[in-house]
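Asks: My structure is in model-v5.pdb, and what it holds is PDB, C-alpha atoms:
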```pdb
ATOM      1  CA  MET A   6      23.127 -16.223  24.060
ATOM      2  CA  VAL A   7      20.454 -16.539  21.386
ATOM      3  CA  LYS A   8      19.584 -20.160  20.679
ATOM      4  CA  ILE A   9      17.862 -21.461  17.551
ATOM      5  CA  ILE A  10      16.413 -24.920  18.108
ATOM      6  CA  LEU A  11      14.591 -27.393  15.884
ATOM      7  CA  ILE A  12      11.289 -28.224  17.597
ATOM      8  CA  TRP A  13       9.640 -30.643  15.185
ATOM      9  CA  THR A  14       9.404 -31.614  11.569
ATOM     10  CA  PHE A  15       6.267 -32.803   9.879
ATOM     11  CA  SER A  16       5.366 -33.711   6.337
ATOM     12  CA  LEU A  17       2.026 -32.197   5.464
ATOM     13  CA  ARG A  18      -0.351 -34.683   3.857
ATOM     14  CA  LEU A  19      -3.962 -34.347   2.822
ATOM     15  CA  GLU A  20      -6.170 -37.327   3.666
ATOM     16  CA  TYR A  21      -9.769 -37.795   2.630
ATOM     17  CA  ASN A  22     -12.301 -40.611   2.143
ATOM     18  CA  ILE A  23     -13.937 -41.710  -1.096
ATOM     19  CA  LEU A  24     -17.141 -43.761  -1.203
ATOM     20  CA  SER A  25     -16.974 -46.416  -3.902
ATOM     21  CA  PRO A  26     -20.240 -46.298  -5.930
ATOM     22  CA  ASP A  27     -20.222 -49.998  -6.780
ATOM     23  CA  LYS A  28     -19.498 -51.643  -3.444
ATOM     24  CA  GLY A  29     -20.231 -48.847  -1.030
ATOM     25  CA  LEU A  30     -16.747 -49.133   0.416
ATOM     26  CA  ILE A  31     -14.837 -46.227   1.846
ATOM     27  CA  ARG A  32     -11.176 -45.967   1.003
ATOM     28  CA  MET A  33      -8.689 -43.381   2.217
ATOM     29  CA  VAL A  34      -6.688 -41.387  -0.295
ATOM     30  CA  THR A  35      -3.483 -39.739   0.887
ATOM     31  CA  GLN A  36      -1.958 -36.940  -1.159
ATOM     32  CA  ALA A  37       1.377 -35.343  -0.327
ATOM     33  CA  LEU A  38       1.210 -31.562  -0.177
ATOM     34  CA  PRO A  39       3.916 -29.440  -1.837
ATOM     35  CA  VAL A  40       5.975 -28.444   1.183
ATOM     36  CA  SER A  41       7.054 -30.134   4.388
ATOM     37  CA  ILE A  42       7.625 -27.786   7.328
ATOM     38  CA  GLN A  43       9.959 -27.902  10.272
ATOM     39  CA  THR A  44       9.372 -25.596  13.212
ATOM     40  CA  MET A  45      12.346 -23.710  14.616
ATOM     41  CA  VAL A  46      12.458 -21.617  17.765
ATOM     42  CA  ILE A  47      14.619 -18.694  18.851
ATOM     43  CA  GLN A  48      15.022 -18.492  22.624
ATOM     44  CA  HIS A  49      16.711 -15.668  24.480
ATOM     45  CA  GLU A  50      15.900 -13.868  27.773
ATOM     46  CA  GLY A  51      12.099 -13.829  27.670
ATOM     47  CA  MET A  52      11.965 -14.226  23.897
ATOM     48  CA  THR A  53      10.402 -17.297  22.304
ATOM     49  CA  ILE A  54       9.962 -17.072  18.549
ATOM     50  CA  TYR A  55       8.563 -20.005  16.586
ATOM     51  CA  PHE A  56       9.011 -19.861  12.823
ATOM     52  CA  PRO A  57       8.806 -22.276   9.888
ATOM     53  CA  GLN A  58      11.527 -23.582   7.637
ATOM     54  CA  ILE A  59      10.741 -25.776   4.673
ATOM     55  CA  VAL A  60      12.482 -29.093   4.049
ATOM     56  CA  ASN A  61      12.835 -31.758   1.367
ATOM     57  CA  LEU A  62      12.363 -29.545  -1.678
ATOM     58  CA  GLN A  63      13.877 -31.025  -4.814
ATOM     59  CA  HIS A  64      15.944 -27.908  -5.501
ATOM     60  CA  MET A  65      18.076 -27.028  -2.486
ATOM     61  CA  ASN A  66      18.909 -23.517  -3.723
ATOM     62  CA  ILE A  67      15.192 -22.654  -3.897
ATOM     63  CA  GLN A  68      14.616 -24.122  -0.440
ATOM     64  CA  GLN A  69      17.477 -22.082   1.002
ATOM     65  CA  ALA A  70      16.242 -18.890  -0.657
ATOM     66  CA  ILE A  71      12.725 -19.318   0.725
ATOM     67  CA  ASN A  72      13.978 -20.166   4.212
ATOM     68  CA  GLN A  73      16.289 -17.161   4.189
ATOM     69  CA  LYS A  74      13.398 -14.842   3.275
ATOM     70  CA  ILE A  75      11.274 -16.275   6.082
ATOM     71  CA  TYR A  76      14.075 -15.835   8.615
ATOM     72  CA  GLU A  77      14.746 -12.267   7.449
ATOM     73  CA  HIS A  78      11.107 -11.343   8.035
ATOM     74  CA  VAL A  79      11.148 -12.979  11.469
ATOM     75  CA  GLN A  80      14.116 -10.772  12.373
ATOM     76  CA  HIS A  81      12.446  -7.723  10.835
ATOM     77  CA  LEU A  82       9.381  -8.165  13.071
ATOM     78  CA  ILE A  83      11.650  -8.397  16.111
ATOM     79  CA  GLN A  84      13.429  -5.176  15.165
ATOM     80  CA  GLN A  85      10.146  -3.418  14.386
ATOM     81  CA  GLN A  86       8.978  -4.047  17.943
ATOM     82  CA  TYR A  87      11.955  -2.129  19.314
ATOM     83  CA  VAL A  88      11.430   0.695  16.824
ATOM     84  CA  GLN A  89       7.671   1.080  17.255
ATOM     85  CA  GLN A  90       7.638   0.742  21.029
ATOM     86  CA  ASP A  91      10.887   2.737  21.459
ATOM     87  CA  VAL A  92      12.317   0.551  24.224
ATOM     88  CA  GLN A  93      15.581  -1.250  24.921
ATOM     89  CA  PHE A  94      14.130  -4.529  26.167
ATOM     90  CA  PHE A  95      10.862  -6.388  26.694
ATOM     91  CA  ASN A  96       9.377  -8.374  29.531
ATOM     92  CA  GLU A  97       8.102 -10.871  26.995
ATOM     93  CA  MET A  98       8.228 -11.516  23.269
ATOM     94  CA  ILE A  99       6.416 -14.364  21.526
ATOM     95  CA  GLY A 100       6.475 -15.175  17.833
ATOM     96  CA  LEU A 101       4.112 -17.590  16.098
ATOM     97  CA  TYR A 102       3.255 -18.613  12.569
ATOM     98  CA  GLU A 103       0.349 -20.057  10.588
ATOM     99  CA  ILE A 104       0.353 -21.879   7.262
ATOM    100  CA  LYS A 105      -2.476 -20.408   5.202
ATOM    101  CA  THR A 106      -2.021 -22.241   1.891
ATOM    102  CA  ASN A 107       0.140 -25.214   0.958
ATOM    103  CA  GLU A 108      -1.141 -26.467  -2.376
ATOM    104  CA  ARG A 109      -0.688 -26.094  -6.133
ATOM    105  CA  ASN A 110       2.944 -25.124  -5.528
ATOM    106  CA  VAL A 111       1.849 -22.083  -3.520
ATOM    107  CA  LEU A 112       2.985 -21.570   0.065
ATOM    108  CA  SER A 113       1.324 -18.683   1.897
ATOM    109  CA  LEU A 114       2.028 -18.106   5.586
ATOM    110  CA  SER A 115       1.752 -15.487   8.285
ATOM    111  CA  LEU A 116       4.257 -14.529  10.981
ATOM    112  CA  SER A 117       3.125 -12.753  14.137
ATOM    113  CA  ASN A 118       5.117 -11.160  16.930
ATOM    114  CA  TYR A 119       3.755 -10.048  20.310
ATOM    115  CA  ALA A 120       5.921  -8.024  22.680
ATOM    116  CA  TYR A 121       5.202  -6.481  26.071
ATOM    117  CA  ALA A 122       7.484  -3.726  27.336
ATOM    118  CA  PRO A 123       7.983  -2.637  30.968
ATOM    119  CA  LYS A 124       5.532   0.019  32.190
ATOM    120  CA  HIS A 125       3.447  -0.171  29.008
ATOM    121  CA  ALA A 126      -0.297  -0.538  29.431
ATOM    122  CA  HIS A 127      -0.459  -3.429  26.988
ATOM    123  CA  GLY A 128       1.612  -5.332  24.487
ATOM    124  CA  LEU A 129       1.789  -4.852  20.731
ATOM    125  CA  THR A 130       1.277  -7.507  18.060
ATOM    126  CA  LEU A 131       2.727  -7.154  14.574
ATOM    127  CA  MET A 132       2.074  -9.437  11.631
ATOM    128  CA  LYS A 133       3.639 -10.081   8.245
ATOM    129  CA  SER A 134       2.661 -12.568   5.561
ATOM    130  CA  LEU A 135       4.673 -14.203   2.798
ATOM    131  CA  THR A 136       3.481 -15.968  -0.334
ATOM    132  CA  PHE A 137       5.905 -18.078  -2.396
ATOM    133  CA  ASP A 138       5.980 -20.151  -5.554
ATOM    134  CA  VAL A 139       7.809 -23.231  -4.251
ATOM    135  CA  GLN A 140       8.913 -24.247  -7.745
ATOM    136  CA  THR A 141      10.785 -21.016  -8.425
ATOM    137  CA  GLY A 142      11.249 -19.459  -4.972
ATOM    138  CA  LYS A 143       9.491 -16.279  -6.097
ATOM    139  CA  LEU A 144       8.172 -14.123  -3.246
ATOM    140  CA  TYR A 145       5.013 -12.395  -4.441
ATOM    141  CA  GLN A 146       4.022  -8.804  -3.849
ATOM    142  CA  LEU A 147       0.326  -8.028  -4.162
ATOM    143  CA  GLY A 148       0.672  -6.490  -7.619
ATOM    144  CA  ASP A 149       2.292  -9.675  -8.931
ATOM    145  CA  LEU A 150      -1.026 -11.514  -8.534
ATOM    146  CA  PHE A 151      -2.821  -9.403 -11.140
ATOM    147  CA  LYS A 152      -2.627  -8.623 -14.844
ATOM    148  CA  LYS A 153      -0.595  -5.582 -15.782
ATOM    149  CA  GLY A 154      -2.780  -2.527 -16.224
ATOM    150  CA  SER A 155      -5.652  -4.136 -14.330
ATOM    151  CA  HIS A 156      -6.099  -1.255 -11.847
ATOM    152  CA  TYR A 157      -6.210  -3.867  -9.070
ATOM    153  CA  LYS A 158      -5.734  -1.249  -6.351
ATOM    154  CA  SER A 159      -8.977   0.560  -7.141
ATOM    155  CA  VAL A 160     -10.867  -2.730  -7.571
ATOM    156  CA  LEU A 161      -9.689  -4.066  -4.202
ATOM    157  CA  SER A 162     -10.252  -0.728  -2.465
ATOM    158  CA  LYS A 163     -13.888  -0.634  -3.582
ATOM    159  CA  LEU A 164     -14.485  -4.210  -2.410
ATOM    160  CA  ILE A 165     -12.905  -3.469   0.974
ATOM    161  CA  GLN A 166     -14.843  -0.234   1.440
ATOM    162  CA  GLN A 167     -17.998  -2.206   0.721
ATOM    163  CA  GLN A 168     -17.054  -4.726   3.429
ATOM    164  CA  ILE A 169     -16.311  -1.947   5.915
ATOM    165  CA  LYS A 170     -19.818  -0.631   5.368
ATOM    166  CA  GLU A 171     -21.595  -3.994   5.326
ATOM    167  CA  ARG A 172     -19.743  -5.308   8.388
ATOM    168  CA  ASP A 173     -20.099  -1.970  10.196
ATOM    169  CA  ILE A 174     -16.381  -1.849  11.007
ATOM    170  CA  PRO A 175     -15.531   1.237  13.103
ATOM    171  CA  VAL A 176     -12.711   3.470  11.856
ATOM    172  CA  VAL A 177     -10.630   6.129  13.585
ATOM    173  CA  ASN A 178      -8.758   7.267  10.485
ATOM    174  CA  SER A 179      -9.694   7.343   6.831
ATOM    175  CA  PHE A 180      -9.318   4.067   4.961
ATOM    176  CA  PRO A 181      -5.821   4.184   3.404
ATOM    177  CA  GLY A 182      -6.693   2.123   0.336
ATOM    178  CA  ILE A 183      -4.303  -0.433  -1.097
ATOM    179  CA  LEU A 184      -0.743   0.396  -0.118
ATOM    180  CA  SER A 185       2.379  -0.160  -2.214
ATOM    181  CA  ASP A 186       3.579  -2.771   0.295
ATOM    182  CA  GLN A 187       0.109  -4.036   1.154
ATOM    183  CA  ASP A 188      -0.142  -6.974   3.580
ATOM    184  CA  PHE A 189      -2.016 -10.021   2.286
ATOM    185  CA  TYR A 190      -2.112 -13.789   2.258
ATOM    186  CA  ILE A 191      -3.905 -16.474   0.281
ATOM    187  CA  ALA A 192      -6.228 -18.874   2.095
ATOM    188  CA  ASP A 193      -7.883 -21.569  -0.014
ATOM    189  CA  LYS A 194      -9.837 -19.690  -2.701
ATOM    190  CA  SER A 195      -9.638 -16.271  -1.081
ATOM    191  CA  LEU A 196      -7.260 -13.365  -1.140
ATOM    192  CA  VAL A 197      -7.123 -11.877   2.351
ATOM    193  CA  ILE A 198      -6.102  -8.215   2.578
ATOM    194  CA  TYR A 199      -5.313  -7.018   6.084
ATOM    195  CA  TYR A 200      -3.994  -3.981   7.932
ATOM    196  CA  GLN A 201      -1.993  -3.606  11.087
ATOM    197  CA  ALA A 202      -3.728  -2.918  14.393
ATOM    198  CA  TYR A 203      -4.412   0.810  14.928
ATOM    199  CA  GLU A 204      -3.712   1.581  11.250
ATOM    200  CA  PHE A 205      -7.218   2.907  10.665
ATOM    201  CA  THR A 206      -9.400   0.982  13.132
ATOM    202  CA  PRO A 207      -9.590   1.021  16.957
ATOM    203  CA  GLY A 208      -7.181  -1.215  18.827
ATOM    204  CA  TYR A 209      -9.864  -3.635  20.000
ATOM    205  CA  ILE A 210     -10.538  -4.604  16.375
ATOM    206  CA  GLY A 211      -7.086  -6.150  16.136
ATOM    207  CA  PHE A 212      -6.039  -6.779  12.548
ATOM    208  CA  PRO A 213      -8.894  -5.792  10.227
ATOM    209  CA  MET A 214      -9.050  -8.556   7.615
ATOM    210  CA  PHE A 215     -10.923  -8.551   4.348
ATOM    211  CA  PRO A 216     -11.323 -11.888   2.567
ATOM    212  CA  ILE A 217     -12.100 -11.577  -1.126
ATOM    213  CA  SER A 218     -13.088 -14.589  -3.227
ATOM    214  CA  VAL A 219     -10.800 -15.265  -6.184
ATOM    215  CA  PHE A 220     -13.943 -15.641  -8.290
ATOM    216  CA  ALA A 221     -14.798 -11.984  -7.636
ATOM    217  CA  LEU A 222     -11.411 -11.094  -9.156
ATOM    218  CA  GLN A 223     -11.249 -13.472 -12.115
ATOM    219  CA  ASP A 224     -11.261 -10.683 -14.701
ATOM    220  CA  ILE A 225      -8.060  -9.124 -13.374
ATOM    221  CA  ILE A 226      -5.981 -11.925 -11.804
ATOM    222  CA  ASP A 227      -2.920 -13.337 -13.517
ATOM    223  CA  GLU A 228      -4.156 -16.753 -14.610
ATOM    224  CA  ASP A 229      -0.659 -18.228 -14.285
ATOM    225  CA  GLY A 230      -0.134 -16.795 -10.798
ATOM    226  CA  PRO A 231      -1.196 -18.046  -7.362
ATOM    227  CA  LEU A 232      -4.746 -16.680  -7.529
ATOM    228  CA  GLY A 233      -5.229 -18.152 -10.982
ATOM    229  CA  ARG A 234      -4.238 -21.561  -9.642
ATOM    230  CA  MET A 235      -6.664 -21.242  -6.735
ATOM    231  CA  ALA A 236      -9.493 -20.382  -9.128
ATOM    232  CA  THR A 237      -9.238 -23.654 -11.037
ATOM    233  CA  ASN A 238     -11.159 -26.746 -10.002
ATOM    234  CA  SER A 239      -8.575 -29.299 -11.034
TER     235      SER A 239
END
```
Would you write out, as structure tokens, the structure that this file holds?

Replies:
Amino acid sequence: MVKIILIWTFSLRLEYNILSPDKGLIRMVTQALPVSIQTMVIQHEGMTIYFPQIVNLQHMNIQQAINQKIYEHVQHLIQQQYVQQDVQFFNEMIGLYEIKTNERNVLSLSLSNYAYAPKHAHGLTLMKSLTFDVQTGKLYQLGDLFKKGSHYKSVLSKLIQQQIKERDIPVVNSFPGILSDQDFYIADKSLVIYYQAYEFTPGYIGFPMFPISVFALQDIIDEDGPLGRMATNS
């Protein structure tokens, strides 16, 4: 029997200190972040999958829509392991997640899934990232972050090719460019483009990741979208 269990719930808050210029006193300022997260776990015969679900949004229908999308992608990663490794069962499967951005009504997160099959030399890790507007529930694709007609694919491809050269990243296949379903997440003031292991780099590289500052993309980003919000100082 597959069990889904609530592990913990926590309300994310940002705390920082401010030095008062007149009295030299330090006071703590606490600011609630947009989304509170509860961690769920799926447990079943060697499988342990941790994944996030958001709680306490003002609009329950938006919360449910976001949580459903997250759960669907968790299940998709599980199914992809069976497809890519072409097996009927695994000795072990572990799923984890990371919150990359939780500010300015943007939630960006990554889901990872590691599975080790019998008689295989090593396990395989897959990763998928999701970026939401928590006010509307919109799930962003990469193209949604940029102005229409901005030729963002060629701009990003050139920046990534430059990083490959500067960082001396080894490749085993030609760089595929920006794909129609390109993987990405937003972390602070950076757009991070990444590729799956073995996609065009050796396995020991893992997931080749290419952080790109939002300020390097200001001419083409949608100012009302997630990257536009990250680029402001307010």

Asks: How would you write, as a PyMOL selection string, the residues chosen by the PyMOL selection byres ((chain A and resi 153-157) around 12) on this structure?

Replies: chain A and resi 147-152+158-164+182-185+221-228

Asks: Just to be explicit: take each residue in the selection above, keep C-alpha atoms, and write the result as a tab-separated table (two decimals), in the frame of the given file.

Replies:
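Once written, out_8.tsv looks like this:
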```tsv
chain	number	residue	atom	x	y	z
A	147	LEU	CA	0.33	-8.03	-4.16
A	148	GLY	CA	0.67	-6.49	-7.62
A	149	ASP	CA	2.29	-9.68	-8.93
A	150	LEU	CA	-1.03	-11.51	-8.53
A	151	PHE	CA	-2.82	-9.40	-11.14
A	152	LYS	CA	-2.63	-8.62	-14.84
A	158	LYS	CA	-5.73	-1.25	-6.35
A	159	SER	CA	-8.98	0.56	-7.14
A	160	VAL	CA	-10.87	-2.73	-7.57
A	161	LEU	CA	-9.69	-4.07	-4.20
A	162	SER	CA	-10.25	-0.73	-2.46
A	163	LYS	CA	-13.89	-0.63	-3.58
A	164	LEU	CA	-14.48	-4.21	-2.41
A	182	GLY	CA	-6.69	2.12	0.34
A	183	ILE	CA	-4.30	-0.43	-1.10
A	184	LEU	CA	-0.74	0.40	-0.12
A	185	SER	CA	2.38	-0.16	-2.21
A	221	ALA	CA	-14.80	-11.98	-7.64
A	222	LEU	CA	-11.41	-11.09	-9.16
A	223	GLN	CA	-11.25	-13.47	-12.12
A	224	ASP	CA	-11.26	-10.68	-14.70
A	225	ILE	CA	-8.06	-9.12	-13.37
A	226	ILE	CA	-5.98	-11.92	-11.80
A	227	ASP	CA	-2.92	-13.34	-13.52
A	228	GLU	CA	-4.16	-16.75	-14.61
```

Asks: Please tell me which residues are no farther than 9 Å from (-9.3, -16.4, 1.2) in the file, counting all atoms listed in the file, and write them as a list of chain:residue names.

Replies: A:Lys105, A:Tyr190, A:Ile191, A:Ala192, A:Asp193, A:Lys194, A:Ser195, A:Leu196, A:Val197, A:Ile198, A:Phe215, A:Pro216, A:Ile217, A:Ser218, A:Val219

Asks: Rank A:Gly230, A:Gly142, A:Pro175, A:Pro213 by their smallest atom-to-atom distance to His64 in chain A, using all atoms listed in the file, and report the top residue only.

Replies: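 Smallest distance to His64 in chain A is found for A:Gly142.
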
Asks: Select, from A:Asn238, A:Asn96, A:Thr206, A:Asn118, the residue with the minimum atom-to-atom distance to His49 in chain A, counting all atoms listed in the file.

Replies: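 The closest residue to His49 in chain A is A:Asn96.
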
Asks: Could you check the closest approach to Tyr119 in chain A for each of A:Thr44, A:Thr53, A:Gln146, A:Thr237 and tell me which residue wins, using all atoms listed in the file?

Replies: A:Thr53

Asks: Please provide as a list in words all residues within 9 Å of range 71-87 of chain A, with the sequence filter that same-chain residues fewer than 5 positions apart are discarded (counting only C-alpha atoms).

Replies: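 Contacts, with the query itself left out: Ile54, Phe56, Pro57, Gln58, Ile59, Asn66, Val92, Gln93, Phe94, Phe95, Met98, Gly100, Leu116, Ser117, Asn118, Tyr119, Ala120, Leu129, Thr130, Leu131, Met132, Lys133, Ser134, Leu135, Phe137, Val139, Gly142, Lys143 and Leu144 of chain A.
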
Asks: Could you tell me how far CA of Tyr200 in chain A sits from CA of Gln140 in chain A, in Å to one decimal place?

Replies: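 It comes out at 28.7 Å.
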
Asks: How many Å separate CA of Tyr102 in chain A from CA of Leu62 in chain A?

Replies: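 Computing it gives 20.1 Å between the two atoms.
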
Asks: Enter the distance from CA of Glu204 in chain A to CA of Ser113 in chain A, in Å, rounded to one decimal.

Replies: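 Between these atoms lies a distance of 22.9 Å.
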
Asks: Using only C-alpha atoms, can you tell me which of A:Asp173, A:Asp188, A:Asp229, A:Asp91 comes closest to Ile210 in chain A?

Replies: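 Closest to Ile210 in chain A, using only C-alpha atoms: A:Asp173.
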
Asks: Taking only C-alpha atoms into account, name the residue in A:Met45, A:Ala202, A:Met214, A:Val40 that is nearest to Val111 in chain A.

Replies: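 Closest residue, counting only C-alpha atoms: A:Val40.
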
Asks: Enumerate, as a PyMOL selection string, the residues matched when the PyMOL selection byres ((chain A and resi 109) around 10) is run on the file above.

Replies: chain A and resi 38-39+106-108+110-112+138-140+231+234-235+239
